[in-house]
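Coordinates as given in work.txt (compact mmCIF, C-alpha atoms):
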# COMPACT_ATOMS: atom_id res chain seq x y z
CA MET S 1 -56.76 114.69 -30.30
CA ALA S 2 -56.38 112.57 -27.14
CA LEU S 3 -56.02 109.39 -29.20
CA THR S 4 -53.34 111.03 -31.36
CA VAL S 5 -51.32 111.99 -28.29
CA ILE S 6 -51.55 108.48 -26.85
CA LEU S 7 -50.54 106.92 -30.17
CA LEU S 8 -47.57 109.29 -30.46
CA PHE S 9 -46.48 108.34 -26.94
CA CYS S 10 -46.77 104.61 -27.74
CA GLY S 11 -44.88 105.22 -30.98
CA GLY S 12 -42.07 106.87 -29.02
CA LEU S 13 -41.83 103.86 -26.72
CA ILE S 14 -41.74 101.43 -29.62
CA LEU S 15 -39.11 103.50 -31.46
CA CYS S 16 -36.84 103.62 -28.39
CA LEU S 17 -37.10 99.86 -27.98
CA ALA S 18 -36.48 99.22 -31.68
CA LEU S 19 -33.38 101.41 -31.61
CA GLY S 20 -32.15 99.94 -28.34
CA GLN S 21 -32.39 103.31 -26.58
CA SER S 22 -33.39 103.98 -22.98
CA VAL S 23 -37.11 104.23 -22.32
CA LEU S 24 -36.31 107.49 -20.51
CA TYR S 25 -36.16 109.27 -23.88
CA ALA S 26 -39.70 108.12 -24.66
CA LEU S 27 -40.90 109.19 -21.23
CA ALA S 28 -39.36 112.64 -21.64
CA PHE S 29 -41.02 112.87 -25.05
CA GLY S 30 -44.29 111.81 -23.43
CA PHE S 31 -43.94 114.48 -20.74
CA LEU S 32 -43.55 117.14 -23.44
CA LEU S 33 -46.53 115.73 -25.35
CA PHE S 34 -48.77 115.72 -22.29
CA CYS S 35 -47.74 119.26 -21.34
CA LEU S 36 -48.52 120.50 -24.87
CA TYR S 37 -51.87 118.73 -24.72
CA GLY S 38 -52.51 120.46 -21.39
CA ARG S 39 -51.71 123.85 -22.91
CA ARG S 40 -54.12 123.10 -25.78
CA LYS S 41 -56.76 122.43 -23.12
CA GLY S 42 -56.08 125.88 -21.67
CA ILE S 43 -53.98 124.94 -18.66
CA PRO S 44 -51.22 127.51 -17.97
CA TRP S 45 -47.58 126.40 -17.94
CA ARG S 46 -47.30 127.38 -14.29
CA GLU S 47 -50.17 125.05 -13.40
CA LEU S 48 -48.66 122.22 -15.46
CA PHE S 49 -45.32 122.53 -13.67
CA ARG S 50 -47.13 122.62 -10.32
CA LEU S 51 -48.93 119.40 -11.21
CA ALA S 52 -45.61 117.82 -12.22
CA GLY S 53 -44.04 118.91 -8.93
CA ASN S 54 -46.95 117.47 -6.94
CA GLY S 55 -46.49 114.11 -8.64
CA ILE S 56 -42.76 114.03 -7.93
CA TRP S 57 -43.29 115.06 -4.30
CA ARG S 58 -45.61 112.09 -3.75
CA VAL S 59 -42.89 109.60 -4.72
CA ARG S 60 -40.06 111.30 -2.79
CA ASN S 61 -39.90 108.47 -0.26
CA ILE S 62 -39.42 105.82 -2.89
CA LEU S 63 -36.67 107.87 -4.55
CA ILE S 64 -34.87 108.01 -1.20
CA SER S 65 -35.41 104.26 -0.81
CA PHE S 66 -33.89 103.67 -4.25
CA VAL S 67 -30.69 105.39 -3.11
CA LEU S 68 -30.56 103.20 0.01
CA ILE S 69 -31.26 100.02 -1.99
CA GLY S 70 -28.42 100.89 -4.37
CA MET S 71 -26.00 101.25 -1.46
CA LEU S 72 -27.30 98.09 0.22
CA THR S 73 -26.85 95.90 -2.85
CA ALA S 74 -23.27 97.16 -3.18
CA VAL S 75 -22.17 96.58 0.42
CA TRP S 76 -23.91 93.20 0.61
CA ARG S 77 -21.77 92.11 -2.31
CA ALA S 78 -18.56 93.67 -1.01
CA GLY S 79 -19.12 92.49 2.58
CA GLY S 80 -19.67 88.90 1.52
CA THR S 81 -23.34 88.67 2.52
CA ILE S 82 -24.61 87.57 -0.89
CA PRO S 83 -21.65 85.17 -1.49
CA ALA S 84 -22.26 83.65 1.97
CA VAL S 85 -25.99 83.16 1.33
CA ILE S 86 -25.27 81.56 -2.04
CA THR S 87 -22.49 79.33 -0.62
CA TYR S 88 -24.47 78.00 2.34
CA ALA S 89 -27.73 77.63 0.42
CA SER S 90 -26.23 75.94 -2.64
CA ALA S 91 -24.94 73.12 -0.43
CA LEU S 92 -28.56 71.95 -0.23
CA ILE S 93 -28.77 71.23 -3.96
CA SER S 94 -28.89 67.63 -5.20
CA PRO S 95 -29.78 66.38 -8.71
CA LYS S 96 -33.23 64.97 -7.94
CA VAL S 97 -34.46 68.16 -6.27
CA PHE S 98 -32.49 70.54 -8.47
CA LEU S 99 -35.48 72.40 -9.97
CA LEU S 100 -37.18 72.70 -6.58
CA MET S 101 -33.99 73.99 -4.93
CA THR S 102 -33.39 76.39 -7.82
CA PHE S 103 -36.84 77.86 -7.21
CA LEU S 104 -36.35 78.02 -3.43
CA LEU S 105 -32.82 79.47 -3.55
CA ASN S 106 -33.80 82.15 -6.03
CA SER S 107 -36.84 82.91 -3.86
CA LEU S 108 -34.60 83.28 -0.80
CA VAL S 109 -32.03 85.53 -2.45
CA SER S 110 -34.71 87.66 -4.11
CA VAL S 111 -36.44 88.21 -0.76
CA LEU S 112 -33.11 89.27 0.77
CA THR S 113 -32.10 91.57 -2.09
CA GLY S 114 -35.50 92.64 -3.48
CA SER S 115 -34.06 92.48 -6.98
CA ALA S 116 -35.20 90.12 -9.73
CA PHE S 117 -32.29 91.11 -11.98
CA GLY S 118 -29.72 90.94 -9.18
CA THR S 119 -30.93 87.52 -8.06
CA ALA S 120 -30.84 86.15 -11.61
CA ALA S 121 -27.29 87.49 -12.00
CA THR S 122 -26.06 85.73 -8.83
CA ILE S 123 -27.72 82.52 -7.67
CA GLY S 124 -29.63 82.28 -10.98
CA VAL S 125 -26.39 82.15 -12.97
CA ILE S 126 -24.94 79.58 -10.57
CA CYS S 127 -28.00 77.34 -10.87
CA SER S 128 -27.86 77.64 -14.64
CA ALA S 129 -24.17 76.69 -14.68
CA MET S 130 -24.89 73.64 -12.52
CA ALA S 131 -27.76 72.48 -14.74
CA ALA S 132 -25.68 71.31 -17.73
CA PRO S 133 -23.60 68.64 -15.93
CA LEU S 134 -26.76 67.49 -14.16
CA GLY S 135 -28.60 67.05 -17.47
CA ILE S 136 -31.45 69.44 -16.60
CA PRO S 137 -33.10 71.23 -19.59
CA LEU S 138 -32.17 74.92 -19.50
CA TRP S 139 -35.69 76.14 -20.30
CA LEU S 140 -36.97 74.44 -17.14
CA VAL S 141 -34.16 75.98 -15.09
CA GLY S 142 -35.00 79.37 -16.58
CA GLY S 143 -38.63 78.95 -15.55
CA ALA S 144 -37.66 77.99 -11.99
CA VAL S 145 -35.32 81.00 -11.78
CA LEU S 146 -37.97 83.36 -13.18
CA SER S 147 -40.51 82.08 -10.66
CA GLY S 148 -38.08 82.46 -7.77
CA VAL S 149 -36.82 85.94 -8.58
CA PHE S 150 -40.38 87.27 -8.62
CA VAL S 151 -41.20 85.83 -5.21
CA GLY S 152 -38.96 88.52 -3.72
CA ASP S 153 -39.58 91.13 -6.41
CA ARG S 154 -43.24 90.98 -5.41
CA CYS S 155 -43.04 90.90 -1.62
CA SER S 156 -39.55 91.68 -0.32
CA PRO S 157 -39.32 94.65 2.09
CA VAL S 158 -36.43 95.94 -0.07
CA SER S 159 -38.17 95.43 -3.43
CA THR S 160 -38.47 98.57 -5.53
CA SER S 161 -41.72 97.34 -7.09
CA ALA S 162 -43.28 96.66 -3.66
CA LEU S 163 -42.16 100.11 -2.52
CA LEU S 164 -43.61 101.68 -5.66
CA VAL S 165 -47.01 100.02 -5.24
CA ALA S 166 -47.15 101.01 -1.57
CA GLU S 167 -46.28 104.62 -2.43
CA LEU S 168 -48.77 104.87 -5.30
CA THR S 169 -51.63 103.37 -3.30
CA GLY S 170 -50.83 105.14 -0.02
CA THR S 171 -50.59 101.86 1.88
CA ASN S 172 -48.20 100.43 4.46
CA LEU S 173 -45.47 98.29 2.90
CA PHE S 174 -45.33 95.72 5.68
CA GLU S 175 -49.10 95.31 5.84
CA ASN S 176 -49.03 94.81 2.06
CA ILE S 177 -46.37 92.11 2.47
CA ARG S 178 -48.47 90.34 5.10
CA ARG S 179 -51.44 90.24 2.71
CA MET S 180 -49.22 89.17 -0.19
CA LEU S 181 -47.77 86.27 1.78
CA ARG S 182 -51.27 85.03 2.54
CA SER S 183 -52.44 85.26 -1.06
CA ALA S 184 -49.27 83.57 -2.35
CA LEU S 185 -49.11 80.62 0.06
CA VAL S 186 -51.14 78.17 -2.05
CA PRO S 187 -49.49 79.15 -5.38
CA PHE S 188 -46.03 78.92 -3.74
CA LEU S 189 -46.71 75.42 -2.41
CA ALA S 190 -48.20 74.39 -5.77
CA ALA S 191 -45.06 75.64 -7.54
CA CYS S 192 -42.88 73.66 -5.10
CA ALA S 193 -44.90 70.54 -5.86
CA ALA S 194 -44.65 71.12 -9.62
CA TYR S 195 -40.87 71.60 -9.57
CA ALA S 196 -40.39 68.63 -7.24
CA ALA S 197 -42.45 66.42 -9.57
CA ALA S 198 -40.54 67.69 -12.62
CA GLY S 199 -37.26 66.89 -10.88
CA PHE S 200 -38.23 63.28 -10.34
CA LEU S 201 -39.58 62.92 -13.88
CA LEU S 202 -36.35 64.39 -15.29
CA PRO S 203 -33.66 63.00 -12.98
CA GLY S 204 -30.17 64.44 -13.22
CA ASN S 205 -27.17 62.32 -14.08
CA GLY S 206 -24.16 64.17 -12.73
CA PRO S 207 -22.59 65.42 -9.49
CA ALA S 208 -23.48 68.75 -7.91
CA ALA S 209 -20.90 71.51 -8.33
CA ASP S 210 -18.75 72.94 -5.53
CA ILE S 211 -19.82 76.58 -5.19
CA ARG S 212 -17.62 77.55 -2.25
CA GLY S 213 -14.49 77.45 -4.39
CA LEU S 214 -15.88 80.19 -6.63
CA PHE S 215 -15.79 82.73 -3.81
CA THR S 216 -12.90 81.78 -1.53
CA GLY S 217 -10.33 83.53 -3.73
CA GLU S 218 -11.97 86.92 -3.18
CA PHE S 219 -14.08 86.59 -0.03
CA ARG S 220 -13.82 85.28 3.49
CA ILE S 221 -16.97 83.19 3.77
CA SER S 222 -18.19 83.44 7.35
CA PRO S 223 -21.52 83.16 9.20
CA LEU S 224 -20.87 86.75 10.34
CA ALA S 225 -21.61 87.86 6.79
CA LEU S 226 -25.24 86.79 7.31
CA ILE S 227 -25.79 89.46 10.00
CA PRO S 228 -27.07 92.19 7.60
CA ALA S 229 -29.63 89.74 6.17
CA GLY S 230 -30.76 88.92 9.70
CA VAL S 231 -31.05 92.63 10.50
CA ILE S 232 -33.29 93.21 7.48
CA VAL S 233 -35.49 90.22 8.34
CA LEU S 234 -35.80 91.24 12.00
CA LEU S 235 -36.62 94.89 11.34
CA SER S 236 -39.09 93.87 8.63
CA LEU S 237 -40.88 91.58 11.09
CA LEU S 238 -40.97 94.45 13.58
CA LYS S 239 -42.46 96.67 10.82
CA VAL S 240 -39.81 99.35 11.21
CA ASP S 241 -40.09 102.10 8.58
CA VAL S 242 -38.54 100.87 5.35
CA LYS S 243 -36.02 103.72 5.12
CA TRP S 244 -34.66 102.89 8.57
CA THR S 245 -34.68 99.18 7.75
CA LEU S 246 -32.66 99.76 4.59
CA SER S 247 -30.30 102.11 6.42
CA ALA S 248 -29.68 99.46 9.08
CA GLY S 249 -29.00 96.89 6.36
CA VAL S 250 -26.34 99.19 4.89
CA ILE S 251 -24.76 100.19 8.21
CA SER S 252 -24.54 96.59 9.49
CA ALA S 253 -22.69 95.54 6.32
CA VAL S 254 -20.04 98.28 6.50
CA PRO S 255 -17.96 96.61 9.29
CA LEU S 256 -17.99 93.38 7.25
CA CYS S 257 -16.51 95.22 4.29
CA LEU S 258 -13.83 96.94 6.38
CA LEU S 259 -12.93 94.23 8.90
CA LEU S 260 -13.91 90.87 7.41
CA GLN S 261 -13.16 91.51 3.72
CA LYS S 262 -10.44 94.15 4.32
CA THR S 263 -11.94 96.68 1.92
CA GLU S 264 -10.31 100.12 1.95
CA VAL S 265 -12.49 103.05 2.99
CA SER S 266 -11.96 104.87 -0.31
CA ALA S 267 -12.90 101.74 -2.27
CA LEU S 268 -16.02 101.28 -0.13
CA LEU S 269 -17.12 104.85 -0.81
CA ARG S 270 -16.68 104.29 -4.55
CA MET S 271 -18.72 101.09 -4.30
CA LEU S 272 -21.60 102.89 -2.57
CA TRP S 273 -21.83 105.15 -5.60
CA SER S 274 -20.87 102.97 -8.57
CA GLY S 275 -21.32 99.42 -7.25
CA TYR S 276 -19.15 96.42 -6.50
CA ARG S 277 -16.60 95.24 -9.07
CA ALA S 278 -14.96 91.83 -8.65
CA ALA S 279 -11.31 91.33 -9.59
CA ASP S 280 -11.99 87.77 -10.81
CA PRO S 281 -13.64 87.86 -14.29
CA VAL S 282 -15.73 84.77 -13.45
CA LEU S 283 -17.06 86.36 -10.28
CA ALA S 284 -17.55 89.66 -12.07
CA GLY S 285 -20.21 88.10 -14.29
CA MET S 286 -22.13 86.96 -11.22
CA LEU S 287 -21.57 89.65 -8.60
CA ASP S 288 -20.78 92.98 -10.26
CA GLY S 289 -23.45 95.57 -9.65
CA GLY S 290 -25.28 97.56 -7.03
CA GLY S 291 -24.51 101.11 -6.02
CA ILE S 292 -26.53 104.30 -6.34
CA THR S 293 -25.86 104.51 -10.07
CA SER S 294 -27.58 101.15 -10.62
CA MET S 295 -30.85 102.71 -9.45
CA LEU S 296 -30.69 105.89 -11.54
CA GLY S 297 -32.54 104.41 -14.52
CA THR S 298 -35.41 103.07 -12.42
CA ALA S 299 -35.51 106.28 -10.40
CA GLY S 300 -35.70 108.30 -13.63
CA ILE S 301 -38.64 106.22 -14.89
CA VAL S 302 -40.50 106.72 -11.61
CA LEU S 303 -39.67 110.44 -11.45
CA ILE S 304 -40.80 111.27 -15.01
CA SER S 305 -43.87 109.03 -14.82
CA ALA S 306 -44.84 110.62 -11.52
CA ALA S 307 -44.29 114.08 -13.02
CA TYR S 308 -47.00 113.59 -15.62
CA SER S 309 -49.42 111.48 -13.54
CA ASP S 310 -51.32 114.55 -12.25
CA ILE S 311 -51.18 116.15 -15.71
CA LEU S 312 -52.93 113.12 -17.20
CA ARG S 313 -55.57 113.30 -14.50
CA ARG S 314 -56.09 117.07 -14.87
CA THR S 315 -56.35 116.98 -18.68
CA GLY S 316 -58.56 113.89 -18.73
CA LEU S 317 -56.37 112.43 -21.47
CA LEU S 318 -56.99 108.84 -20.35
CA ASP S 319 -60.67 109.25 -19.47
CA GLY S 320 -61.80 107.23 -22.48
CA THR S 321 -59.52 104.32 -21.65
CA VAL S 322 -60.37 104.55 -17.96
CA GLY S 323 -64.05 104.31 -18.86
CA LEU S 324 -63.35 101.20 -20.92
CA VAL S 325 -61.52 99.58 -18.00
CA GLU S 326 -64.36 100.44 -15.62
CA ARG S 327 -66.96 98.91 -17.96
CA LEU S 328 -64.84 95.77 -18.21
CA ALA S 329 -64.57 95.59 -14.41
CA SER S 330 -68.36 95.88 -14.05
CA ARG S 331 -68.66 92.65 -16.05
CA THR S 332 -65.66 90.63 -14.90
CA GLY S 333 -64.79 92.05 -11.49
CA ARG S 334 -61.86 94.24 -10.51
CA TYR S 335 -59.01 91.74 -10.50
CA PRO S 336 -59.66 90.23 -13.99
CA ALA S 337 -60.00 93.76 -15.42
CA MET S 338 -56.76 94.86 -13.75
CA LEU S 339 -54.99 91.72 -14.95
CA LEU S 340 -56.00 92.32 -18.58
CA THR S 341 -55.03 95.98 -18.28
CA SER S 342 -51.67 94.93 -16.82
CA PHE S 343 -50.84 92.70 -19.76
CA VAL S 344 -51.70 95.51 -22.17
CA THR S 345 -49.60 98.11 -20.29
CA ALA S 346 -46.68 95.66 -20.01
CA MET S 347 -46.87 94.96 -23.76
CA ILE S 348 -46.78 98.69 -24.48
CA ALA S 349 -44.31 99.84 -21.83
CA CYS S 350 -41.95 96.80 -21.99
CA SER S 351 -40.91 97.83 -18.48
CA GLN S 352 -42.42 96.71 -15.19
CA THR S 353 -42.02 100.11 -13.53
CA LEU S 354 -43.77 102.04 -16.29
CA ALA S 355 -46.45 99.34 -16.55
CA VAL S 356 -47.14 99.78 -12.81
CA MET S 357 -47.52 103.54 -13.23
CA LEU S 358 -49.86 103.17 -16.22
CA THR S 359 -51.96 100.43 -14.61
CA ASN S 360 -52.38 102.50 -11.48
CA GLN S 361 -53.47 105.46 -13.60
CA LEU S 362 -55.96 103.44 -15.65
CA CYS S 363 -57.43 101.39 -12.80
CA ALA S 364 -57.56 104.02 -10.05
CA GLY S 365 -61.34 104.35 -10.49
CA LEU S 366 -61.78 100.70 -9.46
CA LYS S 367 -60.43 101.38 -5.98
CA ASP S 368 -62.87 100.74 -3.13
CA SER S 369 -60.24 99.82 -0.55
CA LYS S 370 -56.68 101.01 -1.03
CA GLU S 371 -55.32 97.90 0.70
CA ALA S 372 -57.26 95.54 -1.60
CA PHE S 373 -56.27 97.65 -4.59
CA ALA S 374 -52.58 97.39 -3.62
CA LEU S 375 -52.87 93.59 -3.40
CA ASP S 376 -54.55 93.46 -6.80
CA MET S 377 -51.73 95.57 -8.24
CA GLU S 378 -49.13 93.18 -6.82
CA ASP S 379 -50.99 90.15 -8.16
CA SER S 380 -51.61 91.62 -11.60
CA VAL S 381 -49.08 94.01 -13.13
CA ILE S 382 -46.09 92.93 -11.00
CA ILE S 383 -46.33 89.32 -12.16
CA ALA S 384 -47.90 89.94 -15.58
CA ALA S 385 -44.90 91.95 -16.81
CA PRO S 386 -42.42 89.02 -16.72
CA LEU S 387 -44.86 86.86 -18.72
CA VAL S 388 -44.70 89.23 -21.71
CA PRO S 389 -41.79 87.87 -23.81
CA TRP S 390 -40.51 91.27 -24.99
CA CYS S 391 -40.86 92.96 -21.58
CA ILE S 392 -37.49 93.33 -19.85
CA ALA S 393 -38.98 92.11 -16.55
CA GLY S 394 -38.85 88.54 -17.82
CA SER S 395 -36.49 88.64 -20.77
CA VAL S 396 -33.53 90.07 -18.83
CA PRO S 397 -33.48 87.39 -16.08
CA LEU S 398 -33.81 84.62 -18.68
CA THR S 399 -31.08 86.12 -20.88
CA THR S 400 -28.85 86.58 -17.82
CA VAL S 401 -28.97 82.88 -16.96
CA GLY S 402 -28.66 81.85 -20.61
CA ALA S 403 -32.14 80.34 -20.83
CA PRO S 404 -34.41 80.65 -23.88
CA LEU S 405 -37.59 82.73 -23.76
CA THR S 406 -39.55 79.47 -23.64
CA GLY S 407 -38.51 79.46 -19.99
CA ILE S 408 -41.53 81.72 -19.46
CA LEU S 409 -43.68 78.62 -19.99
CA ALA S 410 -42.06 76.97 -16.96
CA ALA S 411 -42.59 79.93 -14.59
CA CYS S 412 -45.13 77.91 -12.60
CA TYR S 413 -45.36 80.23 -9.60
CA LEU S 414 -46.50 83.18 -11.71
CA TYR S 415 -49.21 81.16 -13.47
CA PHE S 416 -50.43 79.53 -10.27
CA LEU S 417 -50.68 82.91 -8.53
CA ILE S 418 -52.75 84.37 -11.37
CA LEU S 419 -55.02 81.30 -11.52
CA TRP S 420 -55.46 81.30 -7.74
CA ARG S 421 -56.45 84.97 -7.71
CA LEU S 422 -58.83 84.47 -10.64
CA LEU S 423 -60.51 81.57 -8.81
CA ARG S 424 -60.84 83.60 -5.62
CA SER S 425 -62.16 86.64 -7.49
CA ARG S 426 -65.15 84.60 -8.65
CA LYS S 427 -66.32 83.97 -5.08

Written form, structure tokens:
Amino acid sequence: MALTVILLFCGGLILCLALGQSVLYALAFGFLLFCLYGRRKGIPWRELFRLAGNGIWRVRNILISFVLIGMLTAVWRAGGTIPAVITYASALISPKVFLLMTFLLNSLVSVLTGSAFGTAATIGVICSAMAAPLGIPLWLVGGAVLSGVFVGDRCSPVSTSALLVAELTGTNLFENIRRMLRSALVPFLAACAAYAAAGFLLPGNGPAADIRGLFTGEFRISPLALIPAGVIVLLSLLKVDVKWTLSAGVISAVPLCLLLQKTEVSALLRMLWSGYRAADPVLAGMLDGGGITSMLGTAGIVLISAAYSDILRRTGLLDGTVGLVERLASRTGRYPAMLLTSFVTAMIACSQTLAVMLTNQLCAGLKDSKEAFALDMEDSVIIAAPLVPWCIAGSVPLTTVGAPLTGILAACYLYFLILWRLLRSRK
């Protein structure tokens, strides 16, 4: 019976993807399936709803953070913070170091925004547009972008995936980031070396593009626009609670919108809800987005997945699979077992957020230290998801920048991080 329920749930996911429908429909179908399975096991409806409520209550902080991140990504666009970062940083690009700078710039913007998709849609698109006149193969550019966007997606203080892992494991976000930075140092430097070498082996043959002109028609580019980014960095270093850090990032950007960019109050309020919309069609393709509504889909995935997490545990529906994972870990060690599990969950879920929830559920029995478990989650499922070609974690950034899926092969940072952790896990 348990296997039938799991297969039906997987079938629902596959059907939604095949029809191009939101994964939320499959998750809602899964919630109904798991509740019916619980009733068959003799659990009263009242108890099932209590278990669902307990799961949702545990992720309340991340749901609040999602709202703040949505507002932050809107006002950072409207206030000129993201355009300023892109303008000043892109001035560093030259043909021979193009791939290296593409990786570094996407890393920088992803750390500031915490969004892989948002970074790909801004500096990623710009780097892709600059690649053609420079004669750089687009699949290599796509790999450098994919590597860079997941530097921040993994360890930015405003990353939804980092917040989710911290919430699920009951760990401190900033302590997690400190451990992640240590574990990623060697892979990051190795990726820099690889992209630098590739740049010299494949030299460009054209001039670098002028990025500033893209933004001056709609924004006043000023160093003042960098203040919200500095606020986020400072408060993160001081380990201020993430909700207050995000709130400060939003509040510090509001005067920029009103005074520097001359945004009307009513328009700013609309942006906080529905996101920034550029008047220039060219800029719209790069900057449109943000707002609370942009986070509703991710929040829905987390909410529904959290609602049935305790039901799965109470019914023992995944006990057989959990046992298989634990036997694998006894032979290979925890990290290799979690990594393999992560690839499987990413292949099934096709979504990083749902893959994180499933991996946490399946590997929870391997936990001896919640801090070490959180690091293993970050270094397995967070970076495994973008390496699955049909998972949106990797396919969306590559599609956004116009790169082929073979760009996954050039995502050096992700491979180096996995290899580094596998080598260290054998010690």

Interatomic distance, CA of Leu173 in chain S to CA of Gly79 in chain S (Å, one decimal): 27.0 Å

Shortest contact to Gly70 in chain S, candidates S:Val145, S:Val97, S:Val250, S:Leu17, atoms counted all atoms listed in the file, goes to S:Val250

I need the residue nearest Ala28 in chain S from this list: S:Ser305, S:Thr321, S:Asn360, S:Ser380. Use all atoms listed in the file for the distance.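 Answer, going by the shortest atom-to-atom distance: S:Ser305.
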
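In terms of minimum interatomic distance to Ile382 in chain S, S:Phe343 ranks closest within S:Trp420, S:Phe343, S:Phe66, S:Phe98, counting only C-alpha atoms.
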
Find the spatial neighbours of range 279-296 of chain S, counting all atoms listed in the file, within a cut-off of 8 Å - ignore same-chain residues fewer than 3 positions away - and output them as number ranges by chain. S: 66-74, 77, 118, 121-123, 125-126, 214-215, 218, 271-276, 299-300

Ala26 in chain S surroundings by only C-alpha atoms, 8 Å radius, close-in-sequence under 3 positions cut, as a list in words: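 Selected residues are Phe9, Gly12, Leu13, Cys16, Ser22, Val23, Phe29 and Gly30 of chain S.
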
Print the selection's residues with C-alpha atoms to a file, as a PDB file, keeping the file's coordinate frame.
ATOM      1  CA  PHE S   9     -46.480 108.340 -26.940  1.00  0.00           C
ATOM      2  CA  GLY S  12     -42.070 106.870 -29.020  1.00  0.00           C
ATOM      3  CA  LEU S  13     -41.830 103.860 -26.720  1.00  0.00           C
ATOM      4  CA  CYS S  16     -36.840 103.620 -28.390  1.00  0.00           C
ATOM      5  CA  SER S  22     -33.390 103.980 -22.980  1.00  0.00           C
ATOM      6  CA  VAL S  23     -37.110 104.230 -22.320  1.00  0.00           C
ATOM      7  CA  PHE S  29     -41.020 112.870 -25.050  1.00  0.00           C
ATOM      8  CA  GLY S  30     -44.290 111.810 -23.430  1.00  0.00           C
TER       9      GLY S  30
END

Considering all atoms listed in the file, state which residue in the set S:Gly407, S:Val401, S:Ala346, S:Trp57 is at the smallest distance from Asn106 in chain S. S:Val401

Gap from CA of Leu202 in chain S to CA of Pro389 in chain S - Å, one decimal: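 Separation between CA of Leu202 in chain S and CA of Pro389 in chain S: 25.6 Å.
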
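The space between CA of Trp390 in chain S and CA of Leu362 in chain S spans 21.8 Å.
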